[in-house]
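Peer 1: Before we start, here is the structure in question, set down as structure tokens.
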Amino acid sequence: MKRMLSGIKPTGRLTLGNYIGAIRQFLEYQNDYELFIFIANMHAITVPIDPKELKQNTKDLIALYMACGLDSEKTTLFLQSDLPQHTELGWILTCHSYMGELQRMTQYKDKCAKQESGITAGLFTYPALMAADILMYDADYVPVGVDQKQHVELARNLAERFNHRYGDSFVVPEPIVPKVGAKIMSLQNPTKKMSKSEENPKGTIDLLDEPSVARKKIMSAVTDSLGIIQYDPENQPGLANLLTILSSLSNEPIDSIVNRFQGKGYGDLKKEVAEAVYNFLSELQAKYREIIASGKIDEIIQAGNEKAGKIAYKKVAKIKRKLGLSIQKR
Ligand code: ATP
Ligand code: LTN
């Protein structure tokens with residue numbers, strides 16, 4: 001079975017966009033791949049973050065993953081900061097990354113452009129840590145958003161460089177980027193992505209939003225004045241977004257929804273989407289609360305850490321031997 005790995009930073013609360021665009025895919029992958037999913041909390045500290053918030057986001061993320069249907073029997077779910085091998089291999093890979101290579105990373109360049117002061121060295125070297133996360137487990141595939149593809153390519157280059165210099169060390173990973181269309185838009189500005197860092201909370205549905213609040217957000221979503229129900233993302237982006245959300249949550253094809261709503265108004269469609277979102281969030285949050293109350297999070301992370309930790313321990317020991325860092329005979 002091929003191995004797949006992905007991580008998510010606990011820097012904000014998860015949105016319906018994260019669910020439809022990313023988490024739902026993980027649920028499918030867990031049947032066909034040996035799946036490793038981890039909370040990239042060492043990456044979250046590359047920018048200032050309140051410790052209480054970080055801790056809460058981390059727990060929420062684990063509980064939400066499970067509430068969405070990630071099955072700890074099939075998937076190894078672990079916490080990056082609990083495995084010191086990540087930073088150890090991260091340092092080793094930092095020492096094999098060139099300044100020019102890291103300077104070319106567009107995410108770093110964008111952040112530099114936006115954030116005039118207070119850029120940390122960690123933000124600069126973070127792609128080397130991300131490469132360590134991936135190469136540690138010999139992942140064949142890494143599902144990521146388009147913005148992260150360049151980082152996976154760096155991991156590929158580092159793997160090849162290492163294999164060339166020291167002999168076979170790492171599997172060269174491949175990024176998997178979701179098909180186009182896997183992009184849920186803001187409810188208030190449907191030409192922009194629904195994002196956890198969006199300023200207007202009315203545009204974003206948080207997975208932990210009160211379901212009745214989420215219902216209101218759908219009812220007040222921006223549409224258009226054409227008054228025809230059809231799927232036309234270019235001219236009717238708000239409507240297309242609502243159709244995509246309904247189709248994703250109900251598994252009903254968009255065409256069939258469009259047919260059902262012929263001759264009806266936007267209000268009718270919004271009501272059905274609002275109900276679907278209301279029901280989805282109510283069920284999800286009930287499971288979420290159950291998981292939090294069960295105290296199982298610690299147990300699941302511990303089991304995941306143990307499984308991932310064994311692989312990480314072996315890998316770092318092997319790499320240290322190859323580099324001449326270990327002097328004792330084994
Ligand atoms: P931010 O909003 O702060 O830029 P984000 O919501 O994009 O963050 P990430 O942690 O970068 O969060 O994304 C996690 C995963 O969710 C990625 O695979 C990304 O492609 C996916 N994702 C995020 N927002 C959407 C969206 N609106 N539609 C579809 N997929 C999304
Ligand atoms: N950098 C990613 C999170 C991340 C990751 C990884 C994803 C850290 N390590 C390894 C895939 C594989 C982000 O900012 N979303």
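Every chain in the structure tokens takes a letter, A first, then B, and so on in the order presented; its residues are numbered from 1, and the ligands are numbered from 1 following the presented order.
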Write out as a ChimeraX atom specification each polymer residue (protein, DNA or RNA) that has an atom no more than 8 Å from ligand 1, with only C-alpha atoms and all ligand atoms counted.
Peer 2: /A:8-12,14-23,143-148,178,182-186,193-198
Peer 1: Deliver the residues from the most recent selection as a file, using N, CA, C and O atoms, as a compact mmCIF listing (two decimals), in the first residue's frame.
Peer 2:
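Full text of selection_3.txt as output:
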```txt
# COMPACT_ATOMS: atom_id res chain seq x y z
N ILE A 8 -1.66 19.86 8.81
CA ILE A 8 -2.40 21.11 8.79
C ILE A 8 -2.00 21.93 10.01
O ILE A 8 -1.81 21.39 11.10
N LYS A 9 -1.83 23.23 9.77
CA LYS A 9 -1.37 24.12 10.86
C LYS A 9 -2.54 24.53 11.75
O LYS A 9 -3.57 24.92 11.22
N PRO A 10 -2.36 24.45 13.06
CA PRO A 10 -3.46 24.86 13.94
C PRO A 10 -3.47 26.38 14.17
O PRO A 10 -3.39 26.83 15.31
N THR A 11 -3.55 27.14 13.09
CA THR A 11 -3.45 28.60 13.25
C THR A 11 -4.80 29.30 13.29
O THR A 11 -4.87 30.49 13.49
N GLY A 12 -5.87 28.59 13.05
CA GLY A 12 -7.18 29.25 13.10
C GLY A 12 -8.24 28.18 13.17
O GLY A 12 -7.92 27.01 13.23
N LEU A 14 -11.23 25.79 11.75
CA LEU A 14 -11.51 25.22 10.42
C LEU A 14 -12.82 25.74 9.84
O LEU A 14 -13.77 25.96 10.57
N THR A 15 -12.83 25.89 8.53
CA THR A 15 -14.02 26.39 7.85
C THR A 15 -14.67 25.28 7.01
O THR A 15 -14.07 24.23 6.79
N LEU A 16 -15.86 25.59 6.51
CA LEU A 16 -16.54 24.68 5.60
C LEU A 16 -15.69 24.48 4.34
O LEU A 16 -15.71 23.41 3.74
N GLY A 17 -14.91 25.48 3.96
CA GLY A 17 -13.99 25.38 2.81
C GLY A 17 -12.93 24.32 3.08
O GLY A 17 -12.65 23.49 2.22
N ASN A 18 -12.35 24.33 4.28
CA ASN A 18 -11.36 23.32 4.63
C ASN A 18 -11.97 21.91 4.57
O ASN A 18 -11.33 20.97 4.12
N TYR A 19 -13.21 21.81 5.05
CA TYR A 19 -13.86 20.50 5.05
C TYR A 19 -14.08 20.00 3.63
O TYR A 19 -13.65 18.91 3.26
N ILE A 20 -14.74 20.85 2.81
CA ILE A 20 -15.09 20.40 1.46
C ILE A 20 -13.84 20.24 0.59
O ILE A 20 -13.73 19.29 -0.18
N GLY A 21 -12.88 21.17 0.75
CA GLY A 21 -11.70 21.15 -0.11
C GLY A 21 -10.62 20.17 0.33
O GLY A 21 -9.84 19.70 -0.50
N ALA A 22 -10.52 19.87 1.61
CA ALA A 22 -9.40 19.04 2.06
C ALA A 22 -9.82 17.81 2.86
O ALA A 22 -9.54 16.68 2.49
N ILE A 23 -10.52 18.04 3.98
CA ILE A 23 -10.76 16.93 4.91
C ILE A 23 -11.57 15.80 4.26
O ILE A 23 -11.28 14.63 4.45
N PRO A 143 -0.97 15.21 -0.34
CA PRO A 143 -2.06 16.07 -0.80
C PRO A 143 -1.97 17.45 -0.15
O PRO A 143 -1.91 17.56 1.07
N VAL A 144 -1.92 18.48 -0.98
CA VAL A 144 -1.80 19.86 -0.46
C VAL A 144 -2.57 20.82 -1.37
O VAL A 144 -2.89 20.50 -2.51
N GLY A 145 -2.82 22.03 -0.85
CA GLY A 145 -3.39 23.08 -1.68
C GLY A 145 -2.31 23.59 -2.64
O GLY A 145 -1.12 23.35 -2.43
N VAL A 146 -2.74 24.31 -3.67
CA VAL A 146 -1.80 24.79 -4.69
C VAL A 146 -0.66 25.59 -4.06
O VAL A 146 0.50 25.49 -4.47
N ASP A 147 -0.99 26.37 -3.02
CA ASP A 147 0.01 27.23 -2.37
C ASP A 147 1.17 26.45 -1.75
O ASP A 147 2.23 27.01 -1.50
N GLN A 148 0.95 25.15 -1.51
CA GLN A 148 1.99 24.36 -0.83
C GLN A 148 2.81 23.49 -1.79
O GLN A 148 3.74 22.81 -1.38
N PRO A 178 -5.68 19.13 -5.36
CA PRO A 178 -7.07 18.82 -5.70
C PRO A 178 -7.48 19.41 -7.05
O PRO A 178 -6.93 20.41 -7.49
N ALA A 182 -12.47 22.60 -6.42
CA ALA A 182 -12.45 22.31 -4.99
C ALA A 182 -12.16 23.60 -4.23
O ALA A 182 -11.27 23.66 -3.39
N LYS A 183 -12.91 24.63 -4.59
CA LYS A 183 -12.66 25.92 -3.96
C LYS A 183 -13.98 26.55 -3.55
O LYS A 183 -14.77 26.96 -4.41
N ILE A 184 -14.23 26.58 -2.27
CA ILE A 184 -15.45 27.19 -1.76
C ILE A 184 -15.19 28.68 -1.58
O ILE A 184 -14.14 29.08 -1.06
N MET A 185 -16.13 29.49 -2.04
CA MET A 185 -15.91 30.94 -2.02
C MET A 185 -16.54 31.59 -0.80
O MET A 185 -17.43 31.03 -0.17
N SER A 186 -16.09 32.82 -0.54
CA SER A 186 -16.67 33.60 0.55
C SER A 186 -18.14 33.87 0.25
O SER A 186 -18.50 34.13 -0.90
N LYS A 193 -11.79 33.30 -2.11
CA LYS A 193 -11.85 32.02 -1.39
C LYS A 193 -12.40 32.20 0.03
O LYS A 193 -12.06 33.17 0.70
N MET A 194 -13.24 31.27 0.47
CA MET A 194 -13.65 31.27 1.88
C MET A 194 -12.41 30.92 2.69
O MET A 194 -11.77 29.89 2.43
N SER A 195 -12.05 31.80 3.64
CA SER A 195 -10.78 31.60 4.30
C SER A 195 -10.87 31.88 5.79
O SER A 195 -11.64 32.74 6.23
N LYS A 196 -10.06 31.12 6.57
CA LYS A 196 -10.14 31.31 8.02
C LYS A 196 -9.59 32.67 8.43
O LYS A 196 -9.88 33.16 9.51
N SER A 197 -8.80 33.29 7.54
CA SER A 197 -8.27 34.60 7.92
C SER A 197 -9.09 35.76 7.31
O SER A 197 -8.67 36.89 7.36
N GLU A 198 -10.26 35.42 6.80
CA GLU A 198 -11.10 36.50 6.23
C GLU A 198 -11.60 37.43 7.34
O GLU A 198 -11.95 36.98 8.43
```
Peer 1: Can I get the residues close to ligand 2 as a ChimeraX atom specification, where close means within 9 Å and we count only C-alpha atoms and all ligand atoms?
Peer 2: /A:5-9,37-44,80,126-127,129-134,142-145,147-148,151-152,175
Peer 1: Just the strand (DSSP E or B) stuff from stretch 119-303 of chain A, please, per backbone DSSP, written as an mmCIF file with C-alpha atoms, in the first residue's frame.
Peer 2:
```cif
data_model
loop_
_atom_site.group_PDB
_atom_site.id
_atom_site.type_symbol
_atom_site.label_atom_id
_atom_site.label_comp_id
_atom_site.auth_asym_id
_atom_site.auth_seq_id
_atom_site.Cartn_x
_atom_site.Cartn_y
_atom_site.Cartn_z
ATOM 1 C CA TYR A 141 2.089 11.218 -2.018
ATOM 2 C CA VAL A 142 1.404 14.525 -0.288
ATOM 3 C CA PRO A 143 -2.062 16.070 -0.801
ATOM 4 C CA GLU A 174 4.850 13.591 -5.214
ATOM 5 C CA PRO A 175 2.395 16.396 -4.472
ATOM 6 C CA ILE A 176 -1.320 15.805 -5.117
ATOM 7 C CA MET A 185 -15.908 30.935 -2.023
ATOM 8 C CA LYS A 193 -11.849 32.024 -1.391
ATOM 9 C CA ASP A 206 -16.668 28.063 10.766
#
```
Peer 1: Using the chain letters and numbers from this document, which residues of stretch 63-275 of chain A does DSSP assign to alpha helix (DSSP H), as a PyMOL selection string?
Peer 2: chain A and resi 63-68+85-94+99-103+106-114+121-135+149-166+211-219+237-250+254-260+266-275
Peer 1: Excluding A:Gly90 and its own-chain neighbours fewer than 2 positions away, which residues fall within 6 Å of it when counting only C-alpha atoms? Please give them as a PyMOL selection string.
Peer 2: chain A and resi 86-88+92-93+128-129+132
Peer 1: Excluding A:Glu283 and its own-chain neighbours fewer than 2 positions away, which residues fall within 12 Å of it when counting only C-alpha atoms? Please give them as a compact mmCIF listing (two decimals) with N, CA, C and O atoms, in the first residue's frame.
Peer 2:
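Wrote it out as part_9.txt, contents follow:
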```
# COMPACT_ATOMS: atom_id res chain seq x y z
N LEU A 64 -12.12 17.72 15.59
CA LEU A 64 -12.89 17.94 14.36
C LEU A 64 -12.54 16.94 13.27
O LEU A 64 -13.41 16.46 12.56
N ALA A 67 -14.37 13.95 14.23
CA ALA A 67 -15.81 14.13 14.05
C ALA A 67 -16.18 14.07 12.56
O ALA A 67 -17.25 13.60 12.20
N CYS A 68 -15.28 14.54 11.71
CA CYS A 68 -15.54 14.50 10.26
C CYS A 68 -15.48 13.08 9.72
O CYS A 68 -15.94 12.81 8.62
N GLY A 69 -14.85 12.18 10.45
CA GLY A 69 -14.83 10.78 9.99
C GLY A 69 -13.44 10.19 9.80
O GLY A 69 -13.32 9.09 9.28
N LEU A 207 -16.55 25.65 11.18
CA LEU A 207 -17.16 24.36 11.52
C LEU A 207 -17.72 24.35 12.94
O LEU A 207 -18.54 23.51 13.28
N LEU A 208 -17.26 25.31 13.75
CA LEU A 208 -17.79 25.36 15.12
C LEU A 208 -18.77 26.53 15.30
O LEU A 208 -19.14 26.86 16.43
N GLU A 210 -22.24 28.31 15.66
CA GLU A 210 -23.58 27.92 16.10
C GLU A 210 -24.39 27.62 14.83
O GLU A 210 -24.45 28.48 13.94
N PRO A 211 -25.01 26.41 14.70
CA PRO A 211 -25.71 26.09 13.45
C PRO A 211 -26.73 27.15 13.02
O PRO A 211 -26.89 27.42 11.83
N ALA A 276 -29.27 22.24 4.93
CA ALA A 276 -28.21 21.23 4.78
C ALA A 276 -27.01 21.58 5.65
O ALA A 276 -26.45 20.72 6.33
N VAL A 277 -26.65 22.87 5.66
CA VAL A 277 -25.51 23.30 6.46
C VAL A 277 -25.85 23.17 7.95
O VAL A 277 -25.04 22.69 8.75
N TYR A 278 -27.08 23.56 8.30
CA TYR A 278 -27.52 23.47 9.69
C TYR A 278 -27.42 22.02 10.18
O TYR A 278 -26.85 21.75 11.24
N ASN A 279 -27.95 21.11 9.37
CA ASN A 279 -27.93 19.70 9.78
C ASN A 279 -26.51 19.14 9.83
O ASN A 279 -26.15 18.40 10.75
N PHE A 280 -25.70 19.51 8.84
CA PHE A 280 -24.32 19.03 8.80
C PHE A 280 -23.58 19.49 10.06
O PHE A 280 -22.93 18.70 10.75
N LEU A 281 -23.69 20.79 10.37
CA LEU A 281 -22.96 21.31 11.53
C LEU A 281 -23.50 20.73 12.84
O LEU A 281 -22.72 20.43 13.75
N GLN A 285 -21.02 18.77 15.17
CA GLN A 285 -20.69 19.31 16.49
C GLN A 285 -21.11 18.37 17.62
O GLN A 285 -20.48 18.34 18.67
N ALA A 286 -22.17 17.60 17.38
CA ALA A 286 -22.57 16.62 18.40
C ALA A 286 -21.44 15.59 18.55
O ALA A 286 -21.03 15.24 19.66
N LYS A 287 -20.91 15.14 17.40
CA LYS A 287 -19.80 14.16 17.44
C LYS A 287 -18.57 14.80 18.08
O LYS A 287 -17.86 14.18 18.86
N TYR A 288 -18.32 16.04 17.71
CA TYR A 288 -17.17 16.78 18.24
C TYR A 288 -17.25 16.85 19.77
O TYR A 288 -16.28 16.54 20.46
N ARG A 289 -18.44 17.20 20.27
CA ARG A 289 -18.59 17.30 21.73
C ARG A 289 -18.40 15.94 22.40
O ARG A 289 -17.81 15.82 23.45
N GLU A 290 -18.92 14.92 21.72
CA GLU A 290 -18.79 13.56 22.25
C GLU A 290 -17.29 13.18 22.36
O GLU A 290 -16.87 12.62 23.37
```
Peer 1: Measuring atom to atom with only C-alpha atoms, identify which of A:Leu27, A:Ala139, A:Ala121, A:Ile311 is nearest to A:Lys74.
Peer 2: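 Distance minimum relative to A:Lys74 lands on A:Leu27.
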Peer 1: Need to verify the contact set: A:Gly309, 8 Å, only C-alpha atoms, exclusion of same-chain residues closer than 4 positions in sequence. Can you return it as an mmCIF file with N, CA and C atoms, in the first residue's frame?
Peer 2:
```cif
data_model
loop_
_atom_site.group_PDB
_atom_site.id
_atom_site.type_symbol
_atom_site.label_atom_id
_atom_site.label_comp_id
_atom_site.auth_asym_id
_atom_site.auth_seq_id
_atom_site.Cartn_x
_atom_site.Cartn_y
_atom_site.Cartn_z
ATOM 1 N N LEU A 83 7.169 14.681 18.660
ATOM 2 C CA LEU A 83 8.229 13.848 18.088
ATOM 3 C C LEU A 83 9.450 14.721 17.762
ATOM 4 N N ASN A 305 1.243 8.926 17.921
ATOM 5 C CA ASN A 305 2.628 9.329 18.178
ATOM 6 C C ASN A 305 3.546 8.113 18.263
ATOM 7 N N TYR A 313 12.076 7.519 14.614
ATOM 8 C CA TYR A 313 13.289 7.173 15.361
ATOM 9 C C TYR A 313 14.282 6.440 14.449
#
```
Peer 1: One decimal, in Å: what's the spacing between atom CA of A:Ala303 and atom CA of A:Asp82?
Peer 2: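 Going from atom CA of A:Ala303 over to atom CA of A:Asp82, I get 11.8 Å.
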Peer 1: Applying 12 Å and only C-alpha atoms, which residues near A:Asn241 remain after dropping the ones on its own chain fewer than 3 positions away? List them as a count of residues only.
Peer 2: 41
Peer 1: Quick one: everything within 8 Å of A:Arg3, counting only C-alpha atoms, minus sequence neighbours fewer than 3 positions away in the same chain. Send it as a VMD selection string.
Peer 2: chain A and resid 33 to 36 138 to 141
Peer 1: Using only C-alpha atoms, which residue out of A:Asn31, A:Ala240, A:Ile62, A:Leu284 lies closest to A:Asp298?
Peer 2: A:Ile62
Peer 1: Nearest to A:Tyr266: which of A:Gln25, A:Thr75, A:Ser220, A:Gln85 is it, counting only C-alpha atoms?
Peer 2: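 Among the listed residues, the smallest separation from A:Tyr266 belongs to A:Ser220.
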Peer 1: Suppose you want the space between atom CA of A:Val172 and atom CA of A:Lys314; what is it in Å?
Peer 2: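 These atoms are spaced 17.9 Å apart.
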